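Source file: start-v9.txt; contents: compact mmCIF, C-alpha atoms and all ligand atoms.
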```txt
# COMPACT_ATOMS: atom_id res chain seq x y z
CA MET A 1 79.19 77.22 78.33
CA LEU A 2 81.11 77.96 81.47
CA ARG A 3 83.61 75.59 82.94
CA PHE A 4 85.81 76.18 85.91
CA PHE A 5 89.08 74.38 86.31
CA ASN A 6 92.10 74.44 88.55
CA THR A 7 95.37 74.78 86.69
CA ASP A 8 96.57 71.42 87.98
CA LYS A 9 93.42 69.70 86.71
CA LYS A 10 93.25 71.50 83.34
CA LYS A 11 90.89 69.85 80.88
CA GLU A 12 90.50 70.04 77.11
CA TYR A 13 88.03 72.73 76.11
CA SER A 14 86.67 74.26 72.96
CA ASP A 15 87.04 77.90 71.87
CA GLU A 16 83.43 78.65 72.80
CA ASP A 17 84.01 77.67 76.41
CA ILE A 18 84.78 80.22 79.01
CA CYS A 19 87.11 78.50 81.41
CA ILE A 20 88.11 80.31 84.53
CA ASP A 21 91.24 79.24 86.29
CA LEU A 22 90.32 79.25 89.96
CA ASN A 23 93.99 79.54 90.86
CA ASN A 24 94.32 82.83 89.01
CA ILE A 25 91.31 84.82 90.17
CA PRO A 26 92.02 88.58 90.31
CA LYS A 27 92.56 89.55 93.95
CA HIS A 28 90.96 92.95 93.47
CA ILE A 29 88.25 93.79 90.94
CA ALA A 30 86.98 97.37 90.62
CA ILE A 31 83.84 98.29 88.70
CA ILE A 32 82.62 101.60 87.29
CA MET A 33 78.89 100.85 87.37
CA ASP A 34 77.76 102.85 84.34
CA GLY A 35 74.75 103.01 82.06
CA ASN A 36 71.87 103.07 84.56
CA GLY A 37 70.43 106.28 83.12
CA ARG A 38 70.62 105.10 79.51
CA TRP A 39 69.14 101.72 80.47
CA ALA A 40 66.13 103.55 81.96
CA LYS A 41 65.84 105.98 79.02
CA GLU A 42 65.69 103.09 76.54
CA ARG A 43 62.62 101.90 78.46
CA ASN A 44 61.04 105.34 78.89
CA LEU A 45 61.55 105.06 82.62
CA PRO A 46 62.93 107.62 85.09
CA ARG A 47 66.70 107.45 85.65
CA THR A 48 66.16 106.42 89.27
CA ILE A 49 64.56 103.18 88.07
CA GLY A 50 67.82 102.49 86.23
CA HIS A 51 69.73 102.89 89.49
CA LYS A 52 67.26 100.62 91.25
CA ALA A 53 67.78 97.98 88.57
CA GLY A 54 71.52 98.48 89.05
CA VAL A 55 71.21 97.25 92.63
CA GLU A 56 70.16 93.83 91.29
CA ALA A 57 73.42 93.69 89.35
CA ILE A 58 75.32 94.64 92.51
CA ARG A 59 73.69 91.77 94.41
CA GLU A 60 74.60 89.22 91.77
CA VAL A 61 78.16 90.43 91.26
CA VAL A 62 78.94 90.60 94.99
CA LYS A 63 77.63 87.07 95.47
CA GLU A 64 79.62 85.73 92.53
CA CYS A 65 82.82 87.46 93.66
CA SER A 66 82.40 85.79 97.04
CA ILE A 67 81.92 82.41 95.41
CA LEU A 68 84.99 82.89 93.20
CA LYS A 69 87.01 84.00 96.25
CA VAL A 70 87.86 87.44 94.93
CA LYS A 71 89.42 89.22 97.94
CA TYR A 72 88.41 92.82 97.14
CA LEU A 73 85.58 94.26 95.08
CA THR A 74 85.42 98.04 94.74
CA LEU A 75 82.23 99.54 93.33
CA TYR A 76 82.13 103.15 92.13
CA ALA A 77 78.73 104.07 93.55
CA PHE A 78 78.90 107.87 93.86
CA SER A 79 81.68 110.15 92.67
CA THR A 80 82.73 113.57 93.94
CA GLU A 81 81.25 114.88 90.66
CA ASN A 82 77.87 113.15 91.08
CA TRP A 83 76.64 115.95 93.38
CA LYS A 84 76.04 117.92 90.15
CA ARG A 85 73.09 115.63 89.34
CA PRO A 86 69.49 116.75 90.00
CA LYS A 87 68.66 116.77 93.71
CA ASP A 88 66.01 114.05 93.47
CA GLU A 89 68.42 111.72 91.67
CA VAL A 90 71.05 112.26 94.40
CA SER A 91 68.43 111.61 97.10
CA ALA A 92 67.25 108.47 95.32
CA LEU A 93 70.82 107.15 95.17
CA MET A 94 71.33 107.81 98.89
CA LYS A 95 68.06 106.07 99.66
CA LEU A 96 69.05 103.05 97.56
CA LEU A 97 72.32 102.84 99.46
CA VAL A 98 70.57 102.74 102.84
CA GLU A 99 68.00 100.22 101.57
CA TYR A 100 70.77 98.04 100.13
CA LEU A 101 72.72 97.99 103.39
CA LYS A 102 69.63 97.30 105.48
CA LYS A 103 68.24 94.61 103.20
CA GLU A 104 71.46 92.86 102.28
CA PHE A 105 73.30 93.07 105.59
CA LYS A 106 72.28 89.62 106.83
CA GLU A 107 73.22 87.83 103.64
CA LEU A 108 76.48 89.75 103.22
CA ASP A 109 77.45 88.96 106.79
CA TYR A 110 76.41 85.32 106.36
CA ASN A 111 78.64 85.17 103.29
CA ASN A 112 81.55 86.47 105.38
CA VAL A 113 81.72 89.79 103.48
CA ILE A 114 83.44 92.82 105.04
CA ILE A 115 81.43 95.92 104.19
CA ASN A 116 83.79 98.83 103.71
CA TYR A 117 83.67 102.28 102.13
CA ILE A 118 86.17 104.59 100.50
CA GLY A 119 85.69 108.31 99.95
CA ASP A 120 84.64 111.24 102.12
CA ILE A 121 81.42 109.90 103.61
CA SER A 122 81.12 112.89 105.99
CA LYS A 123 79.30 114.75 103.20
CA LEU A 124 76.64 112.01 102.84
CA PRO A 125 73.28 112.29 104.64
CA ASP A 126 73.50 111.24 108.30
CA LEU A 127 71.46 108.11 107.76
CA CYS A 128 73.85 106.87 105.05
CA GLN A 129 76.86 107.54 107.27
CA LYS A 130 75.20 105.73 110.16
CA GLU A 131 74.32 102.65 108.09
CA LEU A 132 77.78 102.50 106.53
CA ILE A 133 79.54 102.77 109.88
CA ILE A 134 77.28 100.16 111.53
CA SER A 135 77.62 97.79 108.57
CA HIS A 136 81.38 98.15 108.65
CA GLU A 137 81.66 97.75 112.42
CA ASN A 138 79.52 94.60 112.35
CA THR A 139 81.40 92.93 109.52
CA LYS A 140 84.98 94.12 109.99
CA ASN A 141 86.04 90.82 111.57
CA ASN A 142 84.74 88.73 108.68
CA THR A 143 87.37 87.06 106.55
CA GLY A 144 85.86 86.80 103.07
CA LEU A 145 85.39 89.35 100.32
CA THR A 146 85.97 93.02 101.21
CA LEU A 147 83.29 95.06 99.50
CA ASN A 148 84.51 98.64 99.08
CA LEU A 149 81.71 101.05 98.28
CA ALA A 150 83.28 104.15 96.71
CA LEU A 151 81.07 107.00 97.90
CA ASN A 152 81.75 110.68 97.40
CA TYR A 153 84.96 109.28 95.99
CA GLY A 154 87.30 110.97 93.53
CA GLY A 155 90.81 109.84 92.61
CA ARG A 156 92.23 113.38 92.55
CA TYR A 157 90.55 114.18 95.86
CA GLU A 158 92.07 111.02 97.36
CA ILE A 159 95.56 111.96 96.15
CA THR A 160 95.18 115.55 97.41
CA ARG A 161 94.02 114.22 100.78
CA ALA A 162 97.04 111.87 100.88
CA PHE A 163 99.38 114.86 100.27
CA LYS A 164 97.76 116.77 103.12
CA LEU A 165 97.92 113.84 105.55
CA MET A 166 101.53 113.20 104.65
CA TYR A 167 102.41 116.88 105.07
CA GLU A 168 100.88 116.79 108.57
CA ASP A 169 102.91 113.70 109.45
CA ILE A 170 106.12 115.33 108.18
CA LYS A 171 105.39 118.50 110.17
CA SER A 172 104.79 116.52 113.35
CA GLY A 173 107.94 114.46 112.79
CA LYS A 174 106.04 111.18 112.40
CA ILE A 175 107.75 110.59 109.06
CA SER A 176 110.64 112.29 107.28
CA GLU A 177 111.33 113.05 103.60
CA GLU A 178 113.37 109.83 103.28
CA ASP A 179 110.32 107.79 104.21
CA ILE A 180 108.40 108.97 101.15
CA ASN A 181 108.21 106.22 98.56
CA GLU A 182 105.49 104.49 96.53
CA GLU A 183 104.63 102.16 99.39
CA THR A 184 104.27 104.88 102.01
CA ILE A 185 102.22 106.99 99.60
CA SER A 186 99.88 104.00 99.08
CA ASN A 187 99.41 103.91 102.84
CA TYR A 188 97.86 107.38 102.73
CA MET A 189 95.17 106.26 100.28
CA TYR A 190 91.74 105.00 101.30
CA THR A 191 92.83 101.58 100.01
CA LYS A 192 95.67 101.30 102.55
CA GLY A 193 96.67 97.66 103.02
CA MET A 194 94.75 96.46 99.95
CA PRO A 195 96.31 95.24 96.73
CA ASP A 196 95.89 97.50 93.69
CA PRO A 197 93.02 96.45 91.41
CA ASP A 198 94.05 93.75 88.97
CA LEU A 199 91.00 94.28 86.83
CA ILE A 200 88.86 97.37 86.24
CA ILE A 201 85.51 96.75 84.58
CA ARG A 202 83.46 99.49 82.91
CA PRO A 203 80.19 98.54 81.25
CA SER A 204 77.98 100.76 79.02
CA GLY A 205 80.44 101.44 76.22
CA GLU A 206 82.37 104.32 77.80
CA GLN A 207 86.13 103.86 77.86
CA ARG A 208 87.44 106.25 80.46
CA LEU A 209 88.47 106.15 84.11
CA SER A 210 86.33 109.07 85.32
CA ASN A 211 88.56 109.91 88.29
CA PHE A 212 88.46 106.34 89.67
CA LEU A 213 91.40 104.86 91.61
CA LEU A 214 93.96 107.02 89.79
CA TRP A 215 96.88 106.11 92.05
CA GLN A 216 95.98 102.43 92.28
CA CYS A 217 95.35 101.60 88.61
CA ALA A 218 98.97 101.91 87.38
CA TYR A 219 99.05 98.27 86.23
CA SER A 220 95.37 97.35 86.21
CA GLU A 221 93.88 95.53 83.24
CA PHE A 222 90.84 97.28 81.78
CA TRP A 223 87.76 95.49 80.50
CA TYR A 224 85.01 97.35 78.67
CA SER A 225 81.64 96.17 77.46
CA ASN A 226 78.58 97.71 75.82
CA ILE A 227 76.28 96.02 78.33
CA LYS A 228 74.64 98.56 80.63
CA TRP A 229 75.14 98.05 84.35
CA PRO A 230 71.52 96.99 85.17
CA ASP A 231 71.95 94.13 82.65
CA PHE A 232 75.36 93.08 83.98
CA ARG A 233 75.23 89.52 85.28
CA LYS A 234 77.64 86.87 86.49
CA GLU A 235 78.20 85.71 82.88
CA HIS A 236 79.72 89.11 82.08
CA LEU A 237 81.90 88.89 85.19
CA HIS A 238 83.06 85.46 84.07
CA LYS A 239 83.92 86.78 80.60
CA ALA A 240 85.85 89.71 82.11
CA ILE A 241 87.83 87.33 84.34
CA PHE A 242 88.39 84.93 81.44
CA ASP A 243 89.75 87.75 79.26
CA TYR A 244 91.89 88.99 82.14
CA GLN A 245 93.37 85.52 82.59
CA ASN A 246 94.26 85.40 78.92
CA ARG A 247 96.20 88.64 78.98
CA ASP A 248 99.93 88.90 79.33
CA ARG A 249 100.66 91.05 82.39
CA ARG A 250 104.29 92.13 82.21
CA PHE A 251 104.35 95.04 84.67
CA GLY A 252 106.87 96.85 82.46
CA SER A 253 109.14 93.82 82.08
CA VAL A 254 109.71 91.80 78.85
CA GLU A 255 108.66 88.33 79.98
C1 LIG A 301 76.29 105.59 86.72
O1 LIG A 301 75.27 105.45 85.75
C2 LIG A 301 75.82 105.09 88.01
C3 LIG A 301 75.84 105.78 89.18
C4 LIG A 301 76.39 107.15 89.27
C5 LIG A 301 75.30 105.25 90.43
C6 LIG A 301 75.50 103.79 90.70
C7 LIG A 301 74.63 103.38 91.82
C8 LIG A 301 73.90 102.25 91.91
C9 LIG A 301 73.98 101.17 90.91
C10 LIG A 301 72.95 101.99 93.04
C11 LIG A 301 73.21 102.59 94.39
C12 LIG A 301 74.43 102.10 95.05
C13 LIG A 301 74.51 101.14 96.01
C14 LIG A 301 75.84 100.77 96.54
C15 LIG A 301 73.34 100.43 96.55
P1 LIG A 301 74.67 106.74 85.07
O2 LIG A 301 73.51 107.21 85.85
O3 LIG A 301 75.76 107.77 84.90
O4 LIG A 301 74.24 106.20 83.67
P2 LIG A 301 74.20 106.99 82.29
O5 LIG A 301 75.63 107.30 81.93
O6 LIG A 301 73.57 106.02 81.36
O7 LIG A 301 73.38 108.22 82.51
```

Using the file provided, produce a representation of the structure as structure tokens.
Ligand code: FPP
Amino acid sequence: MLRFFNTDKKKEYSDEDICIDLNNIPKHIAIIMDGNGRWAKERNLPRTIGHKAGVEAIREVVKECSILKVKYLTLYAFSTENWKRPKDEVSALMKLLVEYLKKEFKELDYNNVIINYIGDISKLPDLCQKELIISHENTKNNTGLTLNLALNYGGRYEITRAFKLMYEDIKSGKISEEDINEETISNYMYTKGMPDPDLIIRPSGEQRLSNFLLWQCAYSEFWYSNIKWPDFRKEHLHKAIFDYQNRDRRFGSVE
């Protein structure tokens, strides 16, 4: 059973209940969408069908994050390492991305979602770049959930890029050595101006970061599950948020 409550109207509930405190929703949730290939293999289907089924999970999770008033949702959709996959799998993923943006644009916009991307999209096929840029341009003034699609994204690449950009700014005199601190470094990341993820979710049983948001995850809470991404539904999101809300985040302090 799922019950939502506001802290000020807290009700009695049993241990079986999952009660989400709507006043303590994570501002930024990041998800490593994993297990599409294994999901397909279990069903004797091609891996690409697993990715296609994964889009259904994306739809549901984005919608639910909007409803719960999560401010940022970052989805790891294609890593800098994913180019090593067979060509037809890479093409299928790029095609799914374009289809998703085309098909979902209206509803995302209606739901006030800002469509954003992080990563070096210049290496993606032209059509993907075009759809991403148009989707972003047409939703950038919305005020609801920011949906960050991490595409050709790698945490180490992002940090290396930040070093290079900062070096350029030092050379040109825009900033000086004294200006370098954690805040200014954050401003050289793709996630500039966004809060760090409070909660990182990885389904499919793997328990590693896989080069995701390395700079930003210093104090993120991790939530793992054996469920494979195509089977991930809002109930799993609720459980992840519930568990997050029951953790003691101390940020290095004692209280
Ligand atoms: C990891 O599972 C999943 C991916 C690398 C791609 C995720 C992409 C989608 C869900 C759809 C396309 C994206 C958008 C934004 C529409 P895996 O293939 O590594 O699974 P496995 O570990 O079981 O092989």

(Q) Using only C-alpha atoms and all ligand atoms for the distances, tell me which of A:Ser204, A:Ser176, A:Asn44, A:Ser91 is nearest to ligand LIG 301 (chain A). (A)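 The answer is A:Ser204, which sits nearest to ligand LIG 301 (chain A).
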
Q) atom CA of Lys41 of chain A to atom CA of Ile241 of chain A: how many Å, to one decimal? A)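 Interatomic distance, atom CA of Lys41 of chain A to atom CA of Ile241 of chain A: 29.3 Å.
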
Q. By how many Å are atom CA of Asn36 of chain A and atom CA of Ile58 of chain A apart?
A.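 Straight-line distance from atom CA of Asn36 of chain A to atom CA of Ile58 of chain A works out to 12.1 Å.
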
Q: Check every protein, DNA and RNA residue against ligand LIG 301 (chain A), keep those with an atom at most 7 Å away (counting all atoms listed in the file), and present them as a PyMOL selection string.
A: chain A and resi 33-39+47+51-52+54-55+58+76-79+82+93+96-97+100+149

Just the selected residues (C-alpha atoms), exported as an mmCIF file, in the frame of the given file, please.
```
data_model
loop_
_atom_site.group_PDB
_atom_site.id
_atom_site.type_symbol
_atom_site.label_atom_id
_atom_site.label_comp_id
_atom_site.auth_asym_id
_atom_site.auth_seq_id
_atom_site.Cartn_x
_atom_site.Cartn_y
_atom_site.Cartn_z
ATOM 1 C CA MET A 33 78.890 100.850 87.370
ATOM 2 C CA ASP A 34 77.760 102.850 84.340
ATOM 3 C CA GLY A 35 74.750 103.010 82.060
ATOM 4 C CA ASN A 36 71.870 103.070 84.560
ATOM 5 C CA GLY A 37 70.430 106.280 83.120
ATOM 6 C CA ARG A 38 70.620 105.100 79.510
ATOM 7 C CA TRP A 39 69.140 101.720 80.470
ATOM 8 C CA ARG A 47 66.700 107.450 85.650
ATOM 9 C CA HIS A 51 69.730 102.890 89.490
ATOM 10 C CA LYS A 52 67.260 100.620 91.250
ATOM 11 C CA GLY A 54 71.520 98.480 89.050
ATOM 12 C CA VAL A 55 71.210 97.250 92.630
ATOM 13 C CA ILE A 58 75.320 94.640 92.510
ATOM 14 C CA TYR A 76 82.130 103.150 92.130
ATOM 15 C CA ALA A 77 78.730 104.070 93.550
ATOM 16 C CA PHE A 78 78.900 107.870 93.860
ATOM 17 C CA SER A 79 81.680 110.150 92.670
ATOM 18 C CA ASN A 82 77.870 113.150 91.080
ATOM 19 C CA LEU A 93 70.820 107.150 95.170
ATOM 20 C CA LEU A 96 69.050 103.050 97.560
ATOM 21 C CA LEU A 97 72.320 102.840 99.460
ATOM 22 C CA TYR A 100 70.770 98.040 100.130
ATOM 23 C CA LEU A 149 81.710 101.050 98.280
#
```

Q. Given the choices A:Ser122, A:Thr74, A:Val62, A:Glu131, which gets closest to Lys95 of chain A if the distance is worked out from all atoms listed in the file?
A.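 Nearest candidate to Lys95 of chain A out of A:Ser122, A:Thr74, A:Val62, A:Glu131: A:Glu131.
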
**Q.** Of the listed residues A:Ile118, A:Pro86, A:Phe4, A:Arg208, that which approaches Gly154 of chain A most closely, counting all atoms listed in the file
**A.** A:Ile118

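Each of A:Cys19, A:Gly155, A:Thr143, A:Gln245 was checked against Leu209 of chain A using all atoms listed in the file; the smallest atom-to-atom distance is that of A:Gly155.
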
Q | Contacts of Met166 of chain A within 9 Å, all atoms listed in the file, excl. fewer than 2 positions in-chain, as a PyMOL selection string | A | chain A and resi 161-164+168-171+175+180+185+188

Q: Give the answer as one residue: which of A:Leu132, A:Leu145, A:Leu199, A:Ala92 has the shortest atom-to-atom distance to Asp109 of chain A, using all atoms listed in the file?
A: A:Leu145

Step by step: start from the point (85.5, 79.0, 79.2) in the file's coordinates, keep every protein, DNA or RNA residue that has an atom no farther than 6 Å from it, count only C-alpha atoms, and write the set as a CSV table (one decimal) with C-alpha atoms, in the coordinates of the input.
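Produced file result-v8.csv, reproduced below:
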```
chain,number,residue,atom,x,y,z
A,2,LEU,CA,81.1,78.0,81.5
A,3,ARG,CA,83.6,75.6,82.9
A,17,ASP,CA,84.0,77.7,76.4
A,18,ILE,CA,84.8,80.2,79.0
A,19,CYS,CA,87.1,78.5,81.4
```

Q. Could you pull the residues within 9 Å of Cys65 of chain A, counting all atoms listed in the file, minus those fewer than 6 positions along the same chain, as a PyMOL selection string?
A. chain A and resi 29+71-73+145+234+237

Take the residues that were just selected and, keeping C-alpha atoms, output them as a compact mmCIF listing (two decimals), keeping the file's coordinate frame.
```txt
# COMPACT_ATOMS: atom_id res chain seq x y z
CA ILE A 29 88.25 93.79 90.94
CA LYS A 71 89.42 89.22 97.94
CA TYR A 72 88.41 92.82 97.14
CA LEU A 73 85.58 94.26 95.08
CA LEU A 145 85.39 89.35 100.32
CA LYS A 234 77.64 86.87 86.49
CA LEU A 237 81.90 88.89 85.19
```

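Across A:Met94, A:Ile32, A:Asp243, A:Pro46, the tightest approach to Glu206 of chain A is made by A:Ile32 when counting all atoms listed in the file.
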
Q: Name the residues in contact with Gln207 of chain A at a cut-off of 10 Å, using all atoms listed in the file, excluding same-chain residues fewer than 6 positions from it; report them as JSON, numbers by chain.
A: {"A": [201, 222, 223, 224, 225, 226]}

Q: Mind giving me the straight-line distance from atom CA of Asp248 of chain A to atom CA of Met194 of chain A in Å, one decimal?
A: 22.6 Å
